[in-house]
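Novice: I'm passing along query00.cif; it holds mmCIF, N, CA and C atoms.
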data_coords
#
loop_
_atom_site.group_PDB
_atom_site.id
_atom_site.type_symbol
_atom_site.label_atom_id
_atom_site.label_comp_id
_atom_site.auth_asym_id
_atom_site.auth_seq_id
_atom_site.Cartn_x
_atom_site.Cartn_y
_atom_site.Cartn_z
ATOM 1 N N GLY A 1 56.789 1.318 29.359
ATOM 2 C CA GLY A 1 56.879 0.301 30.376
ATOM 3 C C GLY A 1 56.677 -1.066 29.784
ATOM 4 N N ALA A 2 56.816 -2.061 30.607
ATOM 5 C CA ALA A 2 56.685 -3.442 30.168
ATOM 6 C C ALA A 2 55.220 -3.842 30.068
ATOM 7 N N LEU A 3 54.954 -4.788 29.205
ATOM 8 C CA LEU A 3 53.614 -5.334 29.032
ATOM 9 C C LEU A 3 53.268 -6.187 30.246
ATOM 10 N N THR A 4 52.087 -5.971 30.822
ATOM 11 C CA THR A 4 51.636 -6.813 31.923
ATOM 12 C C THR A 4 50.153 -7.106 31.784
ATOM 13 N N ALA A 5 49.730 -8.239 32.268
ATOM 14 C CA ALA A 5 48.329 -8.602 32.420
ATOM 15 C C ALA A 5 47.547 -8.741 31.121
ATOM 16 N N LEU A 6 48.202 -8.988 30.001
ATOM 17 C CA LEU A 6 47.478 -9.213 28.748
ATOM 18 C C LEU A 6 46.782 -10.566 28.836
ATOM 19 N N THR A 7 45.475 -10.576 28.586
ATOM 20 C CA THR A 7 44.708 -11.806 28.738
ATOM 21 C C THR A 7 43.995 -12.245 27.465
ATOM 22 N N GLU A 8 43.815 -11.332 26.512
ATOM 23 C CA GLU A 8 43.085 -11.704 25.298
ATOM 24 C C GLU A 8 43.543 -10.879 24.105
ATOM 25 N N ILE A 9 43.636 -11.550 22.967
ATOM 26 C CA ILE A 9 43.938 -10.912 21.691
ATOM 27 C C ILE A 9 42.753 -11.196 20.770
ATOM 28 N N LYS A 10 42.235 -10.159 20.122
ATOM 29 C CA LYS A 10 41.160 -10.349 19.142
ATOM 30 C C LYS A 10 41.580 -9.662 17.852
ATOM 31 N N LEU A 11 41.510 -10.398 16.740
ATOM 32 C CA LEU A 11 41.844 -9.850 15.433
ATOM 33 C C LEU A 11 40.639 -10.037 14.526
ATOM 34 N N ALA A 12 40.212 -8.941 13.886
ATOM 35 C CA ALA A 12 39.064 -8.988 12.983
ATOM 36 C C ALA A 12 39.419 -8.347 11.655
ATOM 37 N N ASN A 13 38.818 -8.847 10.568
ATOM 38 C CA ASN A 13 39.028 -8.298 9.236
ATOM 39 C C ASN A 13 37.671 -7.938 8.645
ATOM 40 N N ALA A 14 37.404 -6.652 8.495
ATOM 41 C CA ALA A 14 36.122 -6.178 7.965
ATOM 42 C C ALA A 14 35.892 -6.654 6.536
ATOM 43 N N GLU A 15 36.956 -6.874 5.765
ATOM 44 C CA GLU A 15 36.828 -7.288 4.368
ATOM 45 C C GLU A 15 36.614 -8.794 4.216
ATOM 46 N N ASP A 16 36.631 -9.537 5.288
ATOM 47 C CA ASP A 16 36.404 -10.983 5.244
ATOM 48 C C ASP A 16 35.087 -11.304 5.954
ATOM 49 N N GLY A 17 34.054 -10.527 5.659
ATOM 50 C CA GLY A 17 32.749 -10.751 6.261
ATOM 51 C C GLY A 17 32.744 -10.536 7.759
ATOM 52 N N ALA A 18 33.634 -9.658 8.245
ATOM 53 C CA ALA A 18 33.771 -9.353 9.676
ATOM 54 C C ALA A 18 34.158 -10.584 10.489
ATOM 55 N N LYS A 19 34.833 -11.543 9.858
ATOM 56 C CA LYS A 19 35.318 -12.706 10.600
ATOM 57 C C LYS A 19 36.395 -12.254 11.590
ATOM 58 N N TYR A 20 36.479 -12.991 12.676
ATOM 59 C CA TYR A 20 37.469 -12.654 13.697
ATOM 60 C C TYR A 20 37.879 -13.911 14.453
ATOM 61 N N PHE A 21 38.992 -13.797 15.165
ATOM 62 C CA PHE A 21 39.359 -14.837 16.124
ATOM 63 C C PHE A 21 39.832 -14.166 17.396
ATOM 64 N N GLU A 22 39.733 -14.930 18.482
ATOM 65 C CA GLU A 22 40.209 -14.487 19.787
ATOM 66 C C GLU A 22 41.109 -15.564 20.364
ATOM 67 N N VAL A 23 42.156 -15.132 21.050
ATOM 68 C CA VAL A 23 43.022 -16.033 21.798
ATOM 69 C C VAL A 23 42.985 -15.541 23.234
ATOM 70 N N THR A 24 42.482 -16.386 24.134
ATOM 71 C CA THR A 24 42.344 -16.014 25.538
ATOM 72 C C THR A 24 43.286 -16.868 26.372
ATOM 73 N N THR A 25 44.341 -16.247 26.871
ATOM 74 C CA THR A 25 45.342 -16.925 27.688
ATOM 75 C C THR A 25 46.186 -15.857 28.374
ATOM 76 N N ALA A 26 46.837 -16.201 29.457
ATOM 77 C CA ALA A 26 47.751 -15.258 30.104
ATOM 78 C C ALA A 26 48.971 -15.078 29.208
ATOM 79 N N ILE A 27 49.317 -13.821 28.942
ATOM 80 C CA ILE A 27 50.435 -13.521 28.045
ATOM 81 C C ILE A 27 51.391 -12.581 28.772
ATOM 82 N N GLY A 28 52.605 -13.027 28.981
ATOM 83 C CA GLY A 28 53.607 -12.245 29.694
ATOM 84 C C GLY A 28 54.569 -11.541 28.757
ATOM 85 N N ASN A 29 55.521 -10.844 29.352
ATOM 86 C CA ASN A 29 56.484 -10.038 28.594
ATOM 87 C C ASN A 29 57.256 -10.821 27.540
ATOM 88 N N ALA A 30 57.675 -12.027 27.855
ATOM 89 C CA ALA A 30 58.526 -12.789 26.940
ATOM 90 C C ALA A 30 57.737 -13.760 26.063
ATOM 91 N N ASP A 31 56.411 -13.781 26.181
ATOM 92 C CA ASP A 31 55.597 -14.729 25.424
ATOM 93 C C ASP A 31 55.387 -14.285 23.980
ATOM 94 N N ALA A 32 55.284 -15.268 23.097
ATOM 95 C CA ALA A 32 54.983 -15.018 21.688
ATOM 96 C C ALA A 32 53.782 -15.876 21.307
ATOM 97 N N ILE A 33 52.758 -15.229 20.757
ATOM 98 C CA ILE A 33 51.571 -15.928 20.281
ATOM 99 C C ILE A 33 51.639 -15.958 18.758
ATOM 100 N N GLU A 34 51.480 -17.147 18.171
ATOM 101 C CA GLU A 34 51.498 -17.273 16.715
ATOM 102 C C GLU A 34 50.221 -17.963 16.261
ATOM 103 N N VAL A 35 49.448 -17.256 15.427
ATOM 104 C CA VAL A 35 48.244 -17.810 14.834
ATOM 105 C C VAL A 35 48.506 -17.934 13.341
ATOM 106 N N ASP A 36 48.435 -19.145 12.823
ATOM 107 C CA ASP A 36 48.665 -19.411 11.406
ATOM 108 C C ASP A 36 47.324 -19.805 10.796
ATOM 109 N N CYS A 37 46.678 -18.852 10.131
ATOM 110 C CA CYS A 37 45.342 -19.088 9.572
ATOM 111 C C CYS A 37 45.368 -20.079 8.424
ATOM 112 N N GLN A 38 46.470 -20.154 7.699
ATOM 113 C CA GLN A 38 46.563 -21.108 6.594
ATOM 114 C C GLN A 38 46.698 -22.536 7.125
ATOM 115 N N ALA A 39 47.557 -22.721 8.116
ATOM 116 C CA ALA A 39 47.786 -24.057 8.672
ATOM 117 C C ALA A 39 46.724 -24.447 9.704
ATOM 118 N N GLY A 40 45.991 -23.455 10.235
ATOM 119 C CA GLY A 40 44.987 -23.730 11.254
ATOM 120 C C GLY A 40 45.592 -24.060 12.598
ATOM 121 N N THR A 41 46.631 -23.304 12.990
ATOM 122 C CA THR A 41 47.297 -23.556 14.264
ATOM 123 C C THR A 41 47.348 -22.295 15.117
ATOM 124 N N CYS A 42 47.435 -22.505 16.422
ATOM 125 C CA CYS A 42 47.587 -21.414 17.379
ATOM 126 C C CYS A 42 48.584 -21.880 18.432
ATOM 127 N N GLU A 43 49.676 -21.131 18.592
ATOM 128 C CA GLU A 43 50.735 -21.535 19.512
ATOM 129 C C GLU A 43 51.169 -20.389 20.411
ATOM 130 N N LYS A 44 51.599 -20.765 21.595
ATOM 131 C CA LYS A 44 52.217 -19.832 22.544
ATOM 132 C C LYS A 44 53.619 -20.369 22.816
ATOM 133 N N ASN A 45 54.615 -19.591 22.435
ATOM 134 C CA ASN A 45 56.011 -19.989 22.609
ATOM 135 C C ASN A 45 56.296 -21.362 22.005
ATOM 136 N N GLY A 46 55.653 -21.652 20.869
ATOM 137 C CA GLY A 46 55.898 -22.899 20.155
ATOM 138 C C GLY A 46 55.056 -24.080 20.610
ATOM 139 N N SER A 47 54.214 -23.904 21.647
ATOM 140 C CA SER A 47 53.366 -24.989 22.143
ATOM 141 C C SER A 47 51.910 -24.746 21.743
ATOM 142 N N ASP A 48 51.220 -25.820 21.378
ATOM 143 C CA ASP A 48 49.824 -25.740 20.947
ATOM 144 C C ASP A 48 48.929 -25.172 22.042
ATOM 145 N N ILE A 49 48.129 -24.153 21.681
ATOM 146 C CA ILE A 49 47.128 -23.607 22.609
ATOM 147 C C ILE A 49 45.775 -23.464 21.887
ATOM 148 N N MET A 50 45.449 -24.424 21.026
ATOM 149 C CA MET A 50 44.180 -24.361 20.300
ATOM 150 C C MET A 50 42.981 -24.291 21.237
ATOM 151 N N SER A 51 43.113 -24.805 22.454
ATOM 152 C CA SER A 51 42.009 -24.725 23.415
ATOM 153 C C SER A 51 41.733 -23.280 23.818
ATOM 154 N N SER A 52 42.669 -22.370 23.566
ATOM 155 C CA SER A 52 42.511 -20.944 23.876
ATOM 156 C C SER A 52 41.995 -20.152 22.682
ATOM 157 N N PHE A 53 41.851 -20.797 21.518
ATOM 158 C CA PHE A 53 41.442 -20.150 20.270
ATOM 159 C C PHE A 53 39.941 -20.277 20.098
ATOM 160 N N GLU A 54 39.310 -19.176 19.688
ATOM 161 C CA GLU A 54 37.878 -19.184 19.412
ATOM 162 C C GLU A 54 37.619 -18.278 18.219
ATOM 163 N N GLY A 55 36.715 -18.679 17.346
ATOM 164 C CA GLY A 55 36.365 -17.837 16.209
ATOM 165 C C GLY A 55 36.677 -18.516 14.899
ATOM 166 N N ALA A 56 36.943 -17.697 13.874
ATOM 167 C CA ALA A 56 37.156 -18.182 12.513
ATOM 168 C C ALA A 56 38.569 -17.864 12.044
ATOM 169 N N TRP A 57 39.050 -18.651 11.104
ATOM 170 C CA TRP A 57 40.345 -18.364 10.486
ATOM 171 C C TRP A 57 40.144 -17.200 9.534
ATOM 172 N N VAL A 58 40.818 -16.108 9.799
ATOM 173 C CA VAL A 58 40.681 -14.874 9.020
ATOM 174 C C VAL A 58 41.467 -14.998 7.719
ATOM 175 N N LYS A 59 40.851 -14.531 6.625
ATOM 176 C CA LYS A 59 41.525 -14.505 5.328
ATOM 177 C C LYS A 59 41.686 -13.057 4.893
ATOM 178 N N LEU A 60 42.742 -12.792 4.149
ATOM 179 C CA LEU A 60 42.934 -11.462 3.584
ATOM 180 C C LEU A 60 42.280 -11.405 2.218
ATOM 181 N N ALA A 61 41.521 -10.349 1.999
ATOM 182 C CA ALA A 61 40.892 -10.131 0.701
ATOM 183 C C ALA A 61 41.901 -9.469 -0.233
ATOM 184 N N SER A 62 41.668 -9.571 -1.514
ATOM 185 C CA SER A 62 42.517 -8.888 -2.481
ATOM 186 C C SER A 62 42.384 -7.384 -2.284
ATOM 187 N N GLY A 63 43.485 -6.674 -2.298
ATOM 188 C CA GLY A 63 43.464 -5.223 -2.110
ATOM 189 C C GLY A 63 43.628 -4.843 -0.652
ATOM 190 N N THR A 64 42.993 -3.761 -0.263
ATOM 191 C CA THR A 64 43.119 -3.222 1.088
ATOM 192 C C THR A 64 42.254 -4.011 2.069
ATOM 193 N N ASN A 65 42.801 -4.278 3.257
ATOM 194 C CA ASN A 65 42.071 -4.944 4.321
ATOM 195 C C ASN A 65 42.066 -4.048 5.552
ATOM 196 N N ASN A 66 40.897 -3.952 6.199
ATOM 197 C CA ASN A 66 40.759 -3.166 7.421
ATOM 198 C C ASN A 66 40.824 -4.132 8.602
ATOM 199 N N ILE A 67 42.013 -4.242 9.205
ATOM 200 C CA ILE A 67 42.268 -5.170 10.302
ATOM 201 C C ILE A 67 42.181 -4.418 11.620
ATOM 202 N N THR A 68 41.434 -4.988 12.567
ATOM 203 C CA THR A 68 41.349 -4.416 13.907
ATOM 204 C C THR A 68 41.939 -5.407 14.898
ATOM 205 N N LEU A 69 42.889 -4.942 15.702
ATOM 206 C CA LEU A 69 43.514 -5.755 16.743
ATOM 207 C C LEU A 69 43.116 -5.161 18.082
ATOM 208 N N THR A 70 42.470 -5.966 18.921
ATOM 209 C CA THR A 70 42.043 -5.523 20.243
ATOM 210 C C THR A 70 42.783 -6.344 21.286
ATOM 211 N N LEU A 71 43.429 -5.667 22.220
ATOM 212 C CA LEU A 71 44.172 -6.324 23.294
ATOM 213 C C LEU A 71 43.472 -6.025 24.609
ATOM 214 N N THR A 72 43.161 -7.057 25.376
ATOM 215 C CA THR A 72 42.484 -6.891 26.648
ATOM 216 C C THR A 72 43.491 -7.054 27.780
ATOM 217 N N GLY A 73 43.488 -6.101 28.689
ATOM 218 C CA GLY A 73 44.369 -6.170 29.849
ATOM 219 C C GLY A 73 45.741 -5.563 29.635
ATOM 220 N N VAL A 74 45.916 -4.780 28.581
ATOM 221 C CA VAL A 74 47.238 -4.225 28.271
ATOM 222 C C VAL A 74 47.567 -3.057 29.194
ATOM 223 N N VAL A 75 48.734 -3.142 29.791
ATOM 224 C CA VAL A 75 49.316 -2.029 30.528
ATOM 225 C C VAL A 75 50.739 -1.920 30.029
ATOM 226 N N GLY A 76 51.075 -0.841 29.368
ATOM 227 C CA GLY A 76 52.422 -0.698 28.820
ATOM 228 C C GLY A 76 52.419 -0.826 27.313
ATOM 229 N N THR A 77 53.490 -1.376 26.766
ATOM 230 C CA THR A 77 53.635 -1.475 25.322
ATOM 231 C C THR A 77 53.743 -2.938 24.896
ATOM 232 N N CYS A 78 53.407 -3.187 23.648
ATOM 233 C CA CYS A 78 53.564 -4.518 23.077
ATOM 234 C C CYS A 78 53.844 -4.360 21.591
ATOM 235 N N SER A 79 54.232 -5.444 20.943
ATOM 236 C CA SER A 79 54.480 -5.378 19.507
ATOM 237 C C SER A 79 53.675 -6.464 18.813
ATOM 238 N N CYS A 80 53.301 -6.184 17.573
ATOM 239 C CA CYS A 80 52.535 -7.120 16.765
ATOM 240 C C CYS A 80 53.199 -7.197 15.397
ATOM 241 N N VAL A 81 53.411 -8.402 14.922
ATOM 242 C CA VAL A 81 54.001 -8.614 13.607
ATOM 243 C C VAL A 81 53.033 -9.462 12.796
ATOM 244 N N ALA A 82 52.700 -9.016 11.601
ATOM 245 C CA ALA A 82 51.841 -9.779 10.700
ATOM 246 C C ALA A 82 52.665 -10.173 9.486
ATOM 247 N N VAL A 83 52.543 -11.419 9.088
ATOM 248 C CA VAL A 83 53.269 -11.927 7.935
ATOM 249 C C VAL A 83 52.256 -12.477 6.947
ATOM 250 N N PHE A 84 52.336 -12.009 5.706
ATOM 251 C CA PHE A 84 51.469 -12.503 4.636
ATOM 252 C C PHE A 84 52.351 -13.210 3.627
ATOM 253 N N ARG A 85 51.993 -14.438 3.309
ATOM 254 C CA ARG A 85 52.735 -15.184 2.300
ATOM 255 C C ARG A 85 51.794 -15.417 1.125
ATOM 256 N N LYS A 86 52.101 -14.805 0.003
ATOM 257 C CA LYS A 86 51.271 -14.959 -1.191
ATOM 258 C C LYS A 86 51.389 -16.395 -1.683
ATOM 259 N N ARG A 87 50.244 -16.980 -1.952
ATOM 260 C CA ARG A 87 50.202 -18.355 -2.456
ATOM 261 C C ARG A 87 50.030 -18.319 -3.961
ATOM 262 N N TYR A 88 50.777 -19.137 -4.626
ATOM 263 C CA TYR A 88 50.680 -19.267 -6.081
ATOM 264 C C TYR A 88 50.071 -20.631 -6.387
ATOM 265 N N LEU A 89 49.077 -20.631 -7.231
ATOM 266 C CA LEU A 89 48.423 -21.898 -7.604
ATOM 267 C C LEU A 89 48.942 -22.396 -8.922
#
Can you dump the structure from the file as structure tokens?

Specialist:
Amino acid sequence: GALTALTEIKLANAEDGAKYFEVTTAIGNADAIEVDCQAGTCEKNGSDIMSSFEGAWVKLASGTNNITLTLTGVVGTCSCVAVFRKRYL
């Protein structure tokens, strides 16, 4: 079925000192939430929603990372895409 009533996304990384962030906002079927930890931005459908962001910018540790994604208010299905861009110094 379709996604309905999603109100909060929480992402935590056990390998980054259990740091996490939460995004609390109404999220509908066609909405896209983008959190860019490197740039320090949080957007919904391309518009700034930093007022809905709480927590820390999560970093990936070298090697395996134990990521937990918690969705509040989910009824139905949803998709999550994570993109990692390796930085070269």

Novice: I'd like to know which of A:Val83, A:Val74, A:Ile33, A:Ile67 is closest to A:Gly17, using only C-alpha atoms.

Specialist: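 Ranking A:Val83, A:Val74, A:Ile33, A:Ile67 by distance to A:Gly17, first place goes to A:Ile67.
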
Novice: With only C-alpha atoms as the counted atoms, please give the residues lying no more than 10 Å from A:Met50, apart from itself and same-chain residues fewer than 6 positions off, as a list in words.

Specialist: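 Close residues of A:Met50: Val23, Val35, Gly40, Thr41, Cys42, Glu43 and Lys44 of chain A.
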
Novice: Taking the file above as input, evaluate the PyMOL selection byres ((chain A and resi 56-66) around 7) and report the hits as number ranges by chain.

Specialist: A: 12-16, 19-22, 37-38, 54-55, 67-68

Novice: What is the atom CA of A:Cys78 to atom N of A:Glu34 distance in Å?

Specialist: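 Atom-to-atom, atom CA of A:Cys78 to atom N of A:Glu34, that is 13.7 Å.
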
Novice: Could you jot down the atom CA of A:Gly28 to atom CA of A:Leu69 separation for me, Å, one decimal place?

Specialist: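 Value for the atom CA of A:Gly28-atom CA of A:Leu69 distance: 17.7 Å.
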
Novice: Between atom N of A:Ala39 and atom N of A:Thr25, what is the spacing in Å?

Specialist: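 Going from atom N of A:Thr25 over to atom N of A:Ala39 covers 20.1 Å.
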
Novice: To test your reading of the syntax: which residues would the PyMOL selection byres (((chain A and resi 8 and name CA) around 8) and name CA) return for the file shown? Reply as JSON, numbers by chain.

Specialist: {"A": [6, 7, 9, 10, 22, 23, 24, 25, 26, 71, 72, 73]}

Novice: Adding 3 Å on each side of the box along x, y and z that holds all listed atoms of stretch 77-84 of chain A, could you give its centre and edge lengths in Å to one decimal, as JSON?

Specialist:
{"center_x": 53.0, "center_y": -7.3, "center_z": 15.2, "size_x": 9.0, "size_y": 17.8, "size_z": 29.1}

Novice: Among chain A, which ones does DSSP assign to strand (DSSP E or B) (computed from the backbone)? Answer as a PyMOL selection string.

Specialist: chain A and resi 4+6-13+19-27+33-36+41-44+47-48+53-55+67-72+75
